[in-house]
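As provided, data-v5.cif (mmCIF, N, CA and C atoms) reads as follows.
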```
data_protein
#
loop_
_atom_site.label_atom_id
_atom_site.label_comp_id
_atom_site.auth_asym_id
_atom_site.auth_seq_id
_atom_site.Cartn_x
_atom_site.Cartn_y
_atom_site.Cartn_z
N MET N 407 3.62 20.13 29.65
CA MET N 407 3.48 18.85 30.32
C MET N 407 3.51 17.74 29.28
N PRO N 408 4.31 16.67 29.50
CA PRO N 408 4.40 15.57 28.54
C PRO N 408 3.06 14.85 28.37
N LEU N 409 2.90 14.31 27.21
CA LEU N 409 1.68 13.62 26.82
C LEU N 409 1.50 12.30 27.57
N THR N 410 0.26 11.98 27.90
CA THR N 410 -0.11 10.64 28.37
C THR N 410 -1.24 10.16 27.48
N PHE N 411 -1.33 8.85 27.30
CA PHE N 411 -2.34 8.27 26.41
C PHE N 411 -2.72 6.90 26.94
N ASN N 412 -4.01 6.59 26.93
CA ASN N 412 -4.50 5.28 27.38
C ASN N 412 -5.12 4.53 26.21
N TYR N 413 -4.86 3.23 26.17
CA TYR N 413 -5.34 2.38 25.09
C TYR N 413 -5.81 1.06 25.71
N THR N 414 -7.07 0.70 25.47
CA THR N 414 -7.64 -0.50 26.08
C THR N 414 -8.12 -1.46 25.01
N ARG N 415 -7.84 -2.74 25.23
CA ARG N 415 -8.40 -3.78 24.36
C ARG N 415 -8.33 -5.15 25.02
N ARG N 416 -9.06 -6.09 24.44
CA ARG N 416 -9.15 -7.45 24.95
C ARG N 416 -8.11 -8.34 24.27
N ILE N 417 -7.54 -9.26 25.01
CA ILE N 417 -6.52 -10.17 24.48
C ILE N 417 -7.18 -11.28 23.68
N SER N 418 -6.69 -11.51 22.46
CA SER N 418 -7.25 -12.54 21.59
C SER N 418 -6.58 -13.89 21.84
N PHE N 419 -7.23 -14.94 21.42
CA PHE N 419 -6.71 -16.30 21.59
C PHE N 419 -5.36 -16.47 20.89
N ALA N 420 -5.22 -15.87 19.71
CA ALA N 420 -3.98 -16.01 18.93
C ALA N 420 -2.78 -15.37 19.62
N GLU N 421 -3.01 -14.51 20.60
CA GLU N 421 -1.90 -13.84 21.30
C GLU N 421 -1.41 -14.64 22.51
N THR N 422 -2.04 -15.78 22.77
CA THR N 422 -1.68 -16.55 23.96
C THR N 422 -0.92 -17.82 23.60
N ASP N 423 -0.30 -18.41 24.62
CA ASP N 423 0.42 -19.66 24.43
C ASP N 423 -0.46 -20.83 24.87
N MET N 424 0.12 -22.02 24.97
CA MET N 424 -0.64 -23.22 25.33
C MET N 424 -1.28 -23.12 26.71
N ALA N 425 -0.73 -22.28 27.59
CA ALA N 425 -1.28 -22.13 28.94
C ALA N 425 -2.36 -21.04 28.98
N GLY N 426 -2.65 -20.42 27.83
CA GLY N 426 -3.66 -19.36 27.80
C GLY N 426 -3.15 -18.01 28.28
N VAL N 427 -1.82 -17.89 28.40
CA VAL N 427 -1.17 -16.66 28.86
C VAL N 427 -0.62 -15.94 27.64
N MET N 428 -0.73 -14.62 27.62
CA MET N 428 -0.21 -13.85 26.49
C MET N 428 1.29 -14.11 26.34
N HIS N 429 1.68 -14.48 25.12
CA HIS N 429 3.08 -14.75 24.81
C HIS N 429 3.91 -13.48 24.96
N PHE N 430 5.13 -13.62 25.47
CA PHE N 430 5.95 -12.44 25.78
C PHE N 430 6.14 -11.52 24.59
N SER N 431 6.23 -12.04 23.39
CA SER N 431 6.45 -11.20 22.21
C SER N 431 5.28 -10.25 21.96
N ASN N 432 4.11 -10.63 22.40
CA ASN N 432 2.94 -9.80 22.14
C ASN N 432 2.88 -8.55 23.02
N TYR N 433 3.63 -8.51 24.10
CA TYR N 433 3.72 -7.28 24.89
C TYR N 433 4.33 -6.18 24.03
N PHE N 434 5.34 -6.54 23.24
CA PHE N 434 5.98 -5.56 22.36
C PHE N 434 5.03 -5.14 21.25
N ARG N 435 4.27 -6.10 20.71
CA ARG N 435 3.28 -5.77 19.67
C ARG N 435 2.21 -4.84 20.22
N LEU N 436 1.75 -5.08 21.45
CA LEU N 436 0.74 -4.21 22.04
C LEU N 436 1.29 -2.81 22.31
N MET N 437 2.55 -2.71 22.73
CA MET N 437 3.14 -1.38 22.92
C MET N 437 3.14 -0.62 21.60
N GLU N 438 3.51 -1.30 20.53
CA GLU N 438 3.53 -0.64 19.22
C GLU N 438 2.11 -0.28 18.77
N GLU N 439 1.15 -1.16 19.00
CA GLU N 439 -0.24 -0.88 18.64
C GLU N 439 -0.76 0.36 19.39
N ALA N 440 -0.46 0.43 20.68
CA ALA N 440 -0.88 1.59 21.48
C ALA N 440 -0.15 2.86 21.00
N GLU N 441 1.13 2.72 20.67
CA GLU N 441 1.89 3.87 20.16
C GLU N 441 1.28 4.40 18.87
N HIS N 442 0.90 3.51 17.96
CA HIS N 442 0.28 3.94 16.70
C HIS N 442 -1.04 4.65 16.98
N ALA N 443 -1.81 4.13 17.94
CA ALA N 443 -3.07 4.78 18.32
C ALA N 443 -2.80 6.17 18.90
N MET N 444 -1.72 6.30 19.69
CA MET N 444 -1.35 7.59 20.27
C MET N 444 -1.01 8.58 19.15
N PHE N 445 -0.22 8.15 18.17
CA PHE N 445 0.13 9.03 17.05
C PHE N 445 -1.14 9.47 16.31
N ARG N 446 -2.06 8.52 16.05
CA ARG N 446 -3.31 8.89 15.38
C ARG N 446 -4.10 9.89 16.21
N ASP N 447 -4.10 9.70 17.54
CA ASP N 447 -4.80 10.63 18.43
C ASP N 447 -4.19 12.03 18.36
N MET N 448 -2.90 12.10 18.06
CA MET N 448 -2.22 13.39 17.92
C MET N 448 -2.38 13.97 16.51
N GLY N 449 -3.12 13.26 15.65
CA GLY N 449 -3.34 13.74 14.29
C GLY N 449 -2.21 13.41 13.34
N MET N 450 -1.43 12.37 13.67
CA MET N 450 -0.27 11.99 12.86
C MET N 450 -0.28 10.49 12.62
N SER N 451 0.79 10.03 12.01
CA SER N 451 1.07 8.62 11.83
C SER N 451 2.54 8.41 12.17
N VAL N 452 2.93 7.16 12.44
CA VAL N 452 4.34 6.89 12.67
C VAL N 452 5.12 6.94 11.36
N VAL N 453 4.42 7.05 10.26
CA VAL N 453 5.01 7.27 8.94
C VAL N 453 4.35 8.54 8.41
N GLN N 454 5.05 9.67 8.58
CA GLN N 454 4.47 10.99 8.32
C GLN N 454 5.10 11.61 7.07
N PRO N 455 4.37 11.65 5.94
CA PRO N 455 4.91 12.29 4.73
C PRO N 455 5.17 13.79 4.97
N ARG N 456 6.24 14.28 4.37
CA ARG N 456 6.60 15.70 4.46
C ARG N 456 6.43 16.35 3.09
N ASP N 457 6.31 17.66 3.09
CA ASP N 457 6.11 18.40 1.85
C ASP N 457 7.28 18.27 0.88
N ASP N 458 8.48 17.99 1.41
CA ASP N 458 9.67 17.90 0.55
C ASP N 458 9.86 16.53 -0.08
N GLY N 459 8.87 15.63 0.08
CA GLY N 459 8.96 14.30 -0.51
C GLY N 459 9.55 13.26 0.41
N GLY N 460 10.11 13.67 1.53
CA GLY N 460 10.63 12.72 2.50
C GLY N 460 9.52 12.22 3.43
N ILE N 461 9.86 11.25 4.24
CA ILE N 461 8.92 10.69 5.21
C ILE N 461 9.60 10.67 6.57
N VAL N 462 8.92 11.21 7.58
CA VAL N 462 9.43 11.13 8.94
C VAL N 462 8.90 9.84 9.55
N SER N 463 9.81 9.06 10.13
CA SER N 463 9.44 7.81 10.78
C SER N 463 10.21 7.67 12.08
N TRP N 464 9.87 6.65 12.88
CA TRP N 464 10.36 6.54 14.24
C TRP N 464 10.92 5.15 14.56
N PRO N 465 12.06 4.76 14.02
CA PRO N 465 12.64 3.47 14.39
C PRO N 465 12.96 3.43 15.89
N ARG N 466 12.81 2.25 16.47
CA ARG N 466 13.13 2.08 17.90
C ARG N 466 14.62 1.84 18.05
N ILE N 467 15.20 2.45 19.07
CA ILE N 467 16.61 2.20 19.36
C ILE N 467 16.79 1.49 20.69
N ARG N 468 15.70 1.42 21.50
CA ARG N 468 15.74 0.68 22.76
C ARG N 468 14.31 0.28 23.11
N VAL N 469 14.13 -1.00 23.44
CA VAL N 469 12.82 -1.50 23.87
C VAL N 469 13.06 -2.55 24.94
N GLU N 470 12.29 -2.45 26.03
CA GLU N 470 12.39 -3.48 27.07
C GLU N 470 11.04 -3.63 27.75
N CYS N 471 10.86 -4.74 28.42
CA CYS N 471 9.60 -4.99 29.12
C CYS N 471 9.88 -5.87 30.34
N GLU N 472 9.34 -5.46 31.47
CA GLU N 472 9.44 -6.23 32.70
C GLU N 472 8.05 -6.78 33.01
N TYR N 473 7.99 -8.10 33.16
CA TYR N 473 6.73 -8.80 33.40
C TYR N 473 6.52 -8.99 34.89
N ARG N 474 5.32 -8.67 35.37
CA ARG N 474 5.03 -8.79 36.80
C ARG N 474 3.92 -9.78 37.10
N GLY N 475 3.13 -10.12 36.09
CA GLY N 475 2.04 -11.06 36.26
C GLY N 475 1.44 -11.39 34.91
N PRO N 476 0.79 -12.54 34.78
CA PRO N 476 0.27 -12.95 33.47
C PRO N 476 -0.93 -12.13 33.03
N ILE N 477 -1.05 -12.02 31.73
CA ILE N 477 -2.25 -11.50 31.09
C ILE N 477 -2.78 -12.66 30.27
N ARG N 478 -4.08 -12.94 30.39
CA ARG N 478 -4.65 -14.14 29.79
C ARG N 478 -5.66 -13.82 28.69
N PHE N 479 -5.96 -14.85 27.92
CA PHE N 479 -6.98 -14.79 26.88
C PHE N 479 -8.27 -14.22 27.44
N GLU N 480 -8.89 -13.31 26.67
CA GLU N 480 -10.16 -12.64 26.98
C GLU N 480 -10.06 -11.56 28.06
N GLU N 481 -8.89 -11.38 28.67
CA GLU N 481 -8.78 -10.30 29.66
C GLU N 481 -8.65 -8.97 28.94
N GLU N 482 -9.20 -7.95 29.57
CA GLU N 482 -9.07 -6.60 29.06
C GLU N 482 -7.84 -5.97 29.70
N VAL N 483 -7.02 -5.36 28.87
CA VAL N 483 -5.80 -4.72 29.35
C VAL N 483 -5.78 -3.27 28.87
N THR N 484 -5.34 -2.38 29.74
CA THR N 484 -5.17 -0.98 29.38
C THR N 484 -3.69 -0.65 29.42
N LEU N 485 -3.21 -0.07 28.33
CA LEU N 485 -1.83 0.41 28.30
C LEU N 485 -1.87 1.91 28.55
N HIS N 486 -1.10 2.33 29.56
CA HIS N 486 -0.95 3.74 29.89
C HIS N 486 0.41 4.17 29.36
N LEU N 487 0.41 4.93 28.26
CA LEU N 487 1.66 5.44 27.70
C LEU N 487 1.93 6.81 28.28
N THR N 488 3.17 7.02 28.72
CA THR N 488 3.58 8.31 29.25
C THR N 488 4.90 8.70 28.62
N ILE N 489 4.92 9.85 27.97
CA ILE N 489 6.17 10.36 27.41
C ILE N 489 7.08 10.73 28.58
N THR N 490 8.27 10.15 28.63
CA THR N 490 9.19 10.40 29.75
C THR N 490 10.36 11.29 29.37
N ARG N 491 10.66 11.38 28.08
CA ARG N 491 11.78 12.22 27.65
C ARG N 491 11.59 12.61 26.20
N ILE N 492 11.82 13.87 25.92
CA ILE N 492 11.83 14.37 24.54
C ILE N 492 13.18 15.02 24.33
N GLY N 493 14.02 14.34 23.57
CA GLY N 493 15.35 14.88 23.28
C GLY N 493 15.33 15.67 21.98
N SER N 494 16.49 16.00 21.48
CA SER N 494 16.54 16.74 20.23
C SER N 494 16.13 15.85 19.05
N LYS N 495 16.48 14.54 19.13
CA LYS N 495 16.18 13.62 18.03
C LYS N 495 15.37 12.40 18.47
N SER N 496 15.13 12.23 19.76
CA SER N 496 14.47 11.01 20.21
C SER N 496 13.36 11.31 21.21
N VAL N 497 12.47 10.35 21.34
CA VAL N 497 11.36 10.40 22.30
C VAL N 497 11.34 9.06 23.03
N SER N 498 11.18 9.11 24.35
CA SER N 498 11.05 7.89 25.15
C SER N 498 9.71 7.91 25.86
N TYR N 499 9.16 6.71 26.05
CA TYR N 499 7.92 6.59 26.81
C TYR N 499 7.90 5.29 27.59
N THR N 500 7.07 5.28 28.64
CA THR N 500 6.80 4.05 29.36
C THR N 500 5.42 3.57 28.95
N ALA N 501 5.24 2.27 29.06
CA ALA N 501 3.94 1.65 28.77
C ALA N 501 3.60 0.74 29.94
N GLU N 502 2.65 1.17 30.75
CA GLU N 502 2.19 0.35 31.88
C GLU N 502 1.01 -0.49 31.40
N PHE N 503 1.11 -1.81 31.58
CA PHE N 503 0.04 -2.74 31.23
C PHE N 503 -0.80 -2.95 32.49
N GLU N 504 -2.01 -2.44 32.48
CA GLU N 504 -2.87 -2.57 33.66
C GLU N 504 -3.98 -3.60 33.38
N ARG N 505 -4.11 -4.54 34.29
CA ARG N 505 -5.16 -5.56 34.23
C ARG N 505 -5.80 -5.65 35.59
N ASP N 506 -7.11 -5.49 35.64
CA ASP N 506 -7.85 -5.58 36.91
C ASP N 506 -7.27 -4.65 37.98
N GLY N 507 -6.87 -3.45 37.59
CA GLY N 507 -6.36 -2.47 38.54
C GLY N 507 -4.94 -2.70 39.01
N ARG N 508 -4.27 -3.68 38.44
CA ARG N 508 -2.87 -3.98 38.83
C ARG N 508 -1.96 -3.90 37.62
N THR N 509 -0.70 -3.58 37.88
CA THR N 509 0.30 -3.53 36.82
C THR N 509 0.78 -4.93 36.52
N ALA N 510 0.53 -5.40 35.30
CA ALA N 510 0.96 -6.73 34.88
C ALA N 510 2.33 -6.69 34.22
N ALA N 511 2.71 -5.54 33.66
CA ALA N 511 4.01 -5.39 33.02
C ALA N 511 4.27 -3.91 32.82
N GLU N 512 5.54 -3.59 32.63
CA GLU N 512 5.90 -2.21 32.31
C GLU N 512 7.00 -2.24 31.27
N GLY N 513 6.77 -1.51 30.18
CA GLY N 513 7.75 -1.44 29.11
C GLY N 513 8.31 -0.04 28.97
N GLN N 514 9.45 0.04 28.33
CA GLN N 514 10.07 1.32 27.99
C GLN N 514 10.49 1.26 26.53
N VAL N 515 10.26 2.36 25.84
CA VAL N 515 10.62 2.45 24.42
C VAL N 515 11.31 3.78 24.18
N THR N 516 12.39 3.75 23.40
CA THR N 516 13.02 4.96 22.90
C THR N 516 13.03 4.85 21.39
N MET N 517 12.51 5.88 20.74
CA MET N 517 12.46 5.92 19.29
C MET N 517 13.16 7.19 18.80
N VAL N 518 13.77 7.09 17.64
CA VAL N 518 14.50 8.23 17.10
C VAL N 518 13.79 8.74 15.86
N CYS N 519 13.75 10.04 15.73
CA CYS N 519 13.11 10.69 14.58
C CYS N 519 14.05 10.57 13.38
N CYS N 520 13.53 9.98 12.31
CA CYS N 520 14.35 9.78 11.12
C CYS N 520 13.64 10.30 9.88
N LEU N 521 14.43 10.79 8.95
CA LEU N 521 13.93 11.15 7.64
C LEU N 521 14.24 9.99 6.71
N MET N 522 13.20 9.45 6.10
CA MET N 522 13.38 8.36 5.12
C MET N 522 13.26 8.96 3.73
N ARG N 523 14.25 8.63 2.92
CA ARG N 523 14.23 9.10 1.53
C ARG N 523 15.05 8.12 0.70
N ASP N 524 14.47 7.67 -0.39
CA ASP N 524 15.16 6.76 -1.32
C ASP N 524 15.68 5.51 -0.62
N GLY N 525 14.91 4.98 0.33
CA GLY N 525 15.28 3.74 1.00
C GLY N 525 16.31 3.88 2.10
N SER N 526 16.73 5.09 2.42
CA SER N 526 17.72 5.26 3.49
C SER N 526 17.10 6.05 4.64
N PHE N 527 17.69 5.86 5.83
CA PHE N 527 17.25 6.54 7.04
C PHE N 527 18.35 7.49 7.49
N LYS N 528 17.94 8.66 7.98
CA LYS N 528 18.89 9.59 8.58
C LYS N 528 18.21 10.21 9.79
N SER N 529 18.87 10.13 10.96
CA SER N 529 18.28 10.76 12.14
C SER N 529 18.29 12.27 11.95
N ILE N 530 17.20 12.89 12.42
CA ILE N 530 17.06 14.34 12.29
C ILE N 530 16.52 14.91 13.60
N ASP N 531 16.70 16.20 13.78
CA ASP N 531 16.04 16.87 14.91
C ASP N 531 14.53 16.74 14.71
N ILE N 532 13.82 16.56 15.80
CA ILE N 532 12.37 16.45 15.73
C ILE N 532 11.81 17.78 15.23
N PRO N 533 11.08 17.77 14.12
CA PRO N 533 10.51 19.03 13.63
C PRO N 533 9.60 19.66 14.69
N GLU N 534 9.62 20.97 14.77
CA GLU N 534 8.87 21.68 15.83
C GLU N 534 7.37 21.40 15.78
N ASP N 535 6.81 21.25 14.57
CA ASP N 535 5.38 20.97 14.48
C ASP N 535 5.04 19.61 15.08
N ILE N 536 5.97 18.67 14.99
CA ILE N 536 5.77 17.35 15.59
C ILE N 536 6.08 17.39 17.08
N ARG N 537 7.18 18.04 17.45
CA ARG N 537 7.58 18.14 18.86
C ARG N 537 6.43 18.69 19.72
N ALA N 538 5.75 19.70 19.22
CA ALA N 538 4.67 20.33 19.98
C ALA N 538 3.55 19.35 20.29
N ARG N 539 3.35 18.35 19.45
CA ARG N 539 2.26 17.39 19.67
C ARG N 539 2.56 16.41 20.81
N PHE N 540 3.80 16.30 21.22
CA PHE N 540 4.17 15.41 22.32
C PHE N 540 3.91 16.05 23.70
N HIS N 541 3.39 17.24 23.68
CA HIS N 541 3.02 17.94 24.92
C HIS N 541 1.52 18.11 24.95
N LYS N 542 0.94 18.15 26.16
CA LYS N 542 -0.49 18.38 26.28
C LYS N 542 -0.82 19.80 25.94
#
```
Kindly return the structure encoded in the file as structure tokens.
Amino acid sequence: MPLTFNYTRRISFAETDMAGVMHFSNYFRLMEEAEHAMFRDMGMSVVQPRDDGGIVSWPRIRVECEYRGPIRFEEEVTLHLTITRIGSKSVSYTAEFERDGRTAAEGQVTMVCCLMRDGSFKSIDIPEDIRARFHK
């Protein structure tokens, strides 16, 4: 069964615009923040050193967000991340932004597994030890 992960936090003043509404760019920042928390919960990092000296990382190849209602300063928001697809080299997930029991936005992210070495990136098959962590 694919992994699900919940991440809750309060919106800070710096994340809002003049109207006190969270600026659209911060939805993407919150998705990434929740994703990093999910990786830590799985016992990993989005920058995972390997024994061979390389580093496995996860550049995004597709990100989108549909806004359904405002999120404001001081409101508590929960992001529900759900892995929707695990391919040979990529992982996709949805991020539902829940505020007061309602969906305020929904994002989708696709990231590709890459080996970083000497400043270059190369997409690779997801290592089995990592792939297994994306399942409950």
For this session: Name every residue that the PyMOL selection byres (((chain N and resi 504-507 and name CA) around 8) and name CA) selects in this structure, writing the answer as a PyMOL selection string with chains first and numbers rising.
Result: chain N and resi 477+481-486+502-503+508-511
For this session: State, in Å with one decimal place, the distance from CA of Glu534 (chain N) to CA of Thr488 (chain N).
Result: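 If I compute the distance from CA of Glu534 (chain N) to CA of Thr488 (chain N), I get 19.7 Å.
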Problem set entry | Selection dump of the PyMOL selection byres (((chain N and resi 442-447 and name CA) around 12) and name CA), as a PyMOL selection string | chain N and resi 409-415+435-441+448-454+463-464+485-489+499+501+536-537+539-540+542
For this session: Name the closest residue to Asp423 (chain N) among the candidates N:Arg478, N:Val518, N:Ile492, N:Val469; distances are taken between atoms, counting only N, CA and C atoms.
Result: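 Nearest to Asp423 (chain N): N:Arg478.
The interatomic distance for the pair CA of Gly426 (chain N) and atom N of Arg474 (chain N) works out to 15.9 Å.
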Exercise. Quick one: of N:Val462, N:Pro455, N:Ser431, N:His541, who's nearest to Met522 (chain N), counting only N, CA and C atoms?
Worked result: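 Checking each candidate against Met522 (chain N), we get N:Val462 as the closest.
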Exercise. Could you work out how far atom N of Gly459 (chain N) lies from atom N of Ser529 (chain N), giving the answer in Å with one decimal?
Worked result: 15.8 Å
For this session: Write out as a VMD selection string all residues of region 412-542 of chain N that backbone DSSP assigns to alpha helix (DSSP H).
Result: chain N and resid 431 to 447 534 to 537
Kindly extract all protein, DNA and RNA residues lying within 8 Å of the coordinates (14.0, 10.0, -2.0) given in the file, considering all atoms listed in the file, and supply them as a PDB file with N, CA and C atoms, keeping the file's coordinate frame.
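What ended up in part.pdb:
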```
ATOM      1  N   ASP N 458       8.480  17.990   1.410  1.00  0.00           N
ATOM      2  CA  ASP N 458       9.670  17.900   0.550  1.00  0.00           C
ATOM      3  C   ASP N 458       9.860  16.530  -0.080  1.00  0.00           C
ATOM      4  N   GLY N 459       8.870  15.630   0.080  1.00  0.00           N
ATOM      5  CA  GLY N 459       8.960  14.300  -0.510  1.00  0.00           C
ATOM      6  C   GLY N 459       9.550  13.260   0.410  1.00  0.00           C
ATOM      7  N   GLY N 460      10.110  13.670   1.530  1.00  0.00           N
ATOM      8  CA  GLY N 460      10.630  12.720   2.500  1.00  0.00           C
ATOM      9  C   GLY N 460       9.520  12.220   3.430  1.00  0.00           C
ATOM     10  N   ILE N 461       9.860  11.250   4.240  1.00  0.00           N
ATOM     11  CA  ILE N 461       8.920  10.690   5.210  1.00  0.00           C
ATOM     12  C   ILE N 461       9.600  10.670   6.570  1.00  0.00           C
ATOM     13  N   MET N 522      13.200   9.450   6.100  1.00  0.00           N
ATOM     14  CA  MET N 522      13.380   8.360   5.120  1.00  0.00           C
ATOM     15  C   MET N 522      13.260   8.960   3.730  1.00  0.00           C
ATOM     16  N   ARG N 523      14.250   8.630   2.920  1.00  0.00           N
ATOM     17  CA  ARG N 523      14.230   9.100   1.530  1.00  0.00           C
ATOM     18  C   ARG N 523      15.050   8.120   0.700  1.00  0.00           C
ATOM     19  N   ASP N 524      14.470   7.670  -0.390  1.00  0.00           N
ATOM     20  CA  ASP N 524      15.160   6.760  -1.320  1.00  0.00           C
ATOM     21  C   ASP N 524      15.680   5.510  -0.620  1.00  0.00           C
ATOM     22  N   GLY N 525      14.910   4.980   0.330  1.00  0.00           N
ATOM     23  CA  GLY N 525      15.280   3.740   1.000  1.00  0.00           C
ATOM     24  C   GLY N 525      16.310   3.880   2.100  1.00  0.00           C
ATOM     25  N   SER N 526      16.730   5.090   2.420  1.00  0.00           N
ATOM     26  CA  SER N 526      17.720   5.260   3.490  1.00  0.00           C
ATOM     27  C   SER N 526      17.100   6.050   4.640  1.00  0.00           C
TER      28      SER N 526
END
```
For this session: Name the residues of chain N that come out as strand (DSSP E) in a backbone DSSP run; write them as a ChimeraX atom specification.
Result: /N:410-416,453-455,461-463,466-473,482-492,496-505,508-518,520-523,526-529
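In this comparison, which uses only C-alpha atoms, the residue of N:Ala420, N:Cys471, N:Ala538, N:Ile532 approaching Gly513 (chain N) most closely is N:Cys471.
Residues matched by the PyMOL selection byres ((chain N and resi 467) around 5) in this structure: Pro465, Arg466, Arg468, Val469, Thr516 and Met517 of chain N.
Compared by their closest atoms to Arg491 (chain N), and using only N, CA and C atoms, the residues N:Cys519, N:Pro408, N:Phe479, N:Ile417 rank with N:Pro408 nearest.
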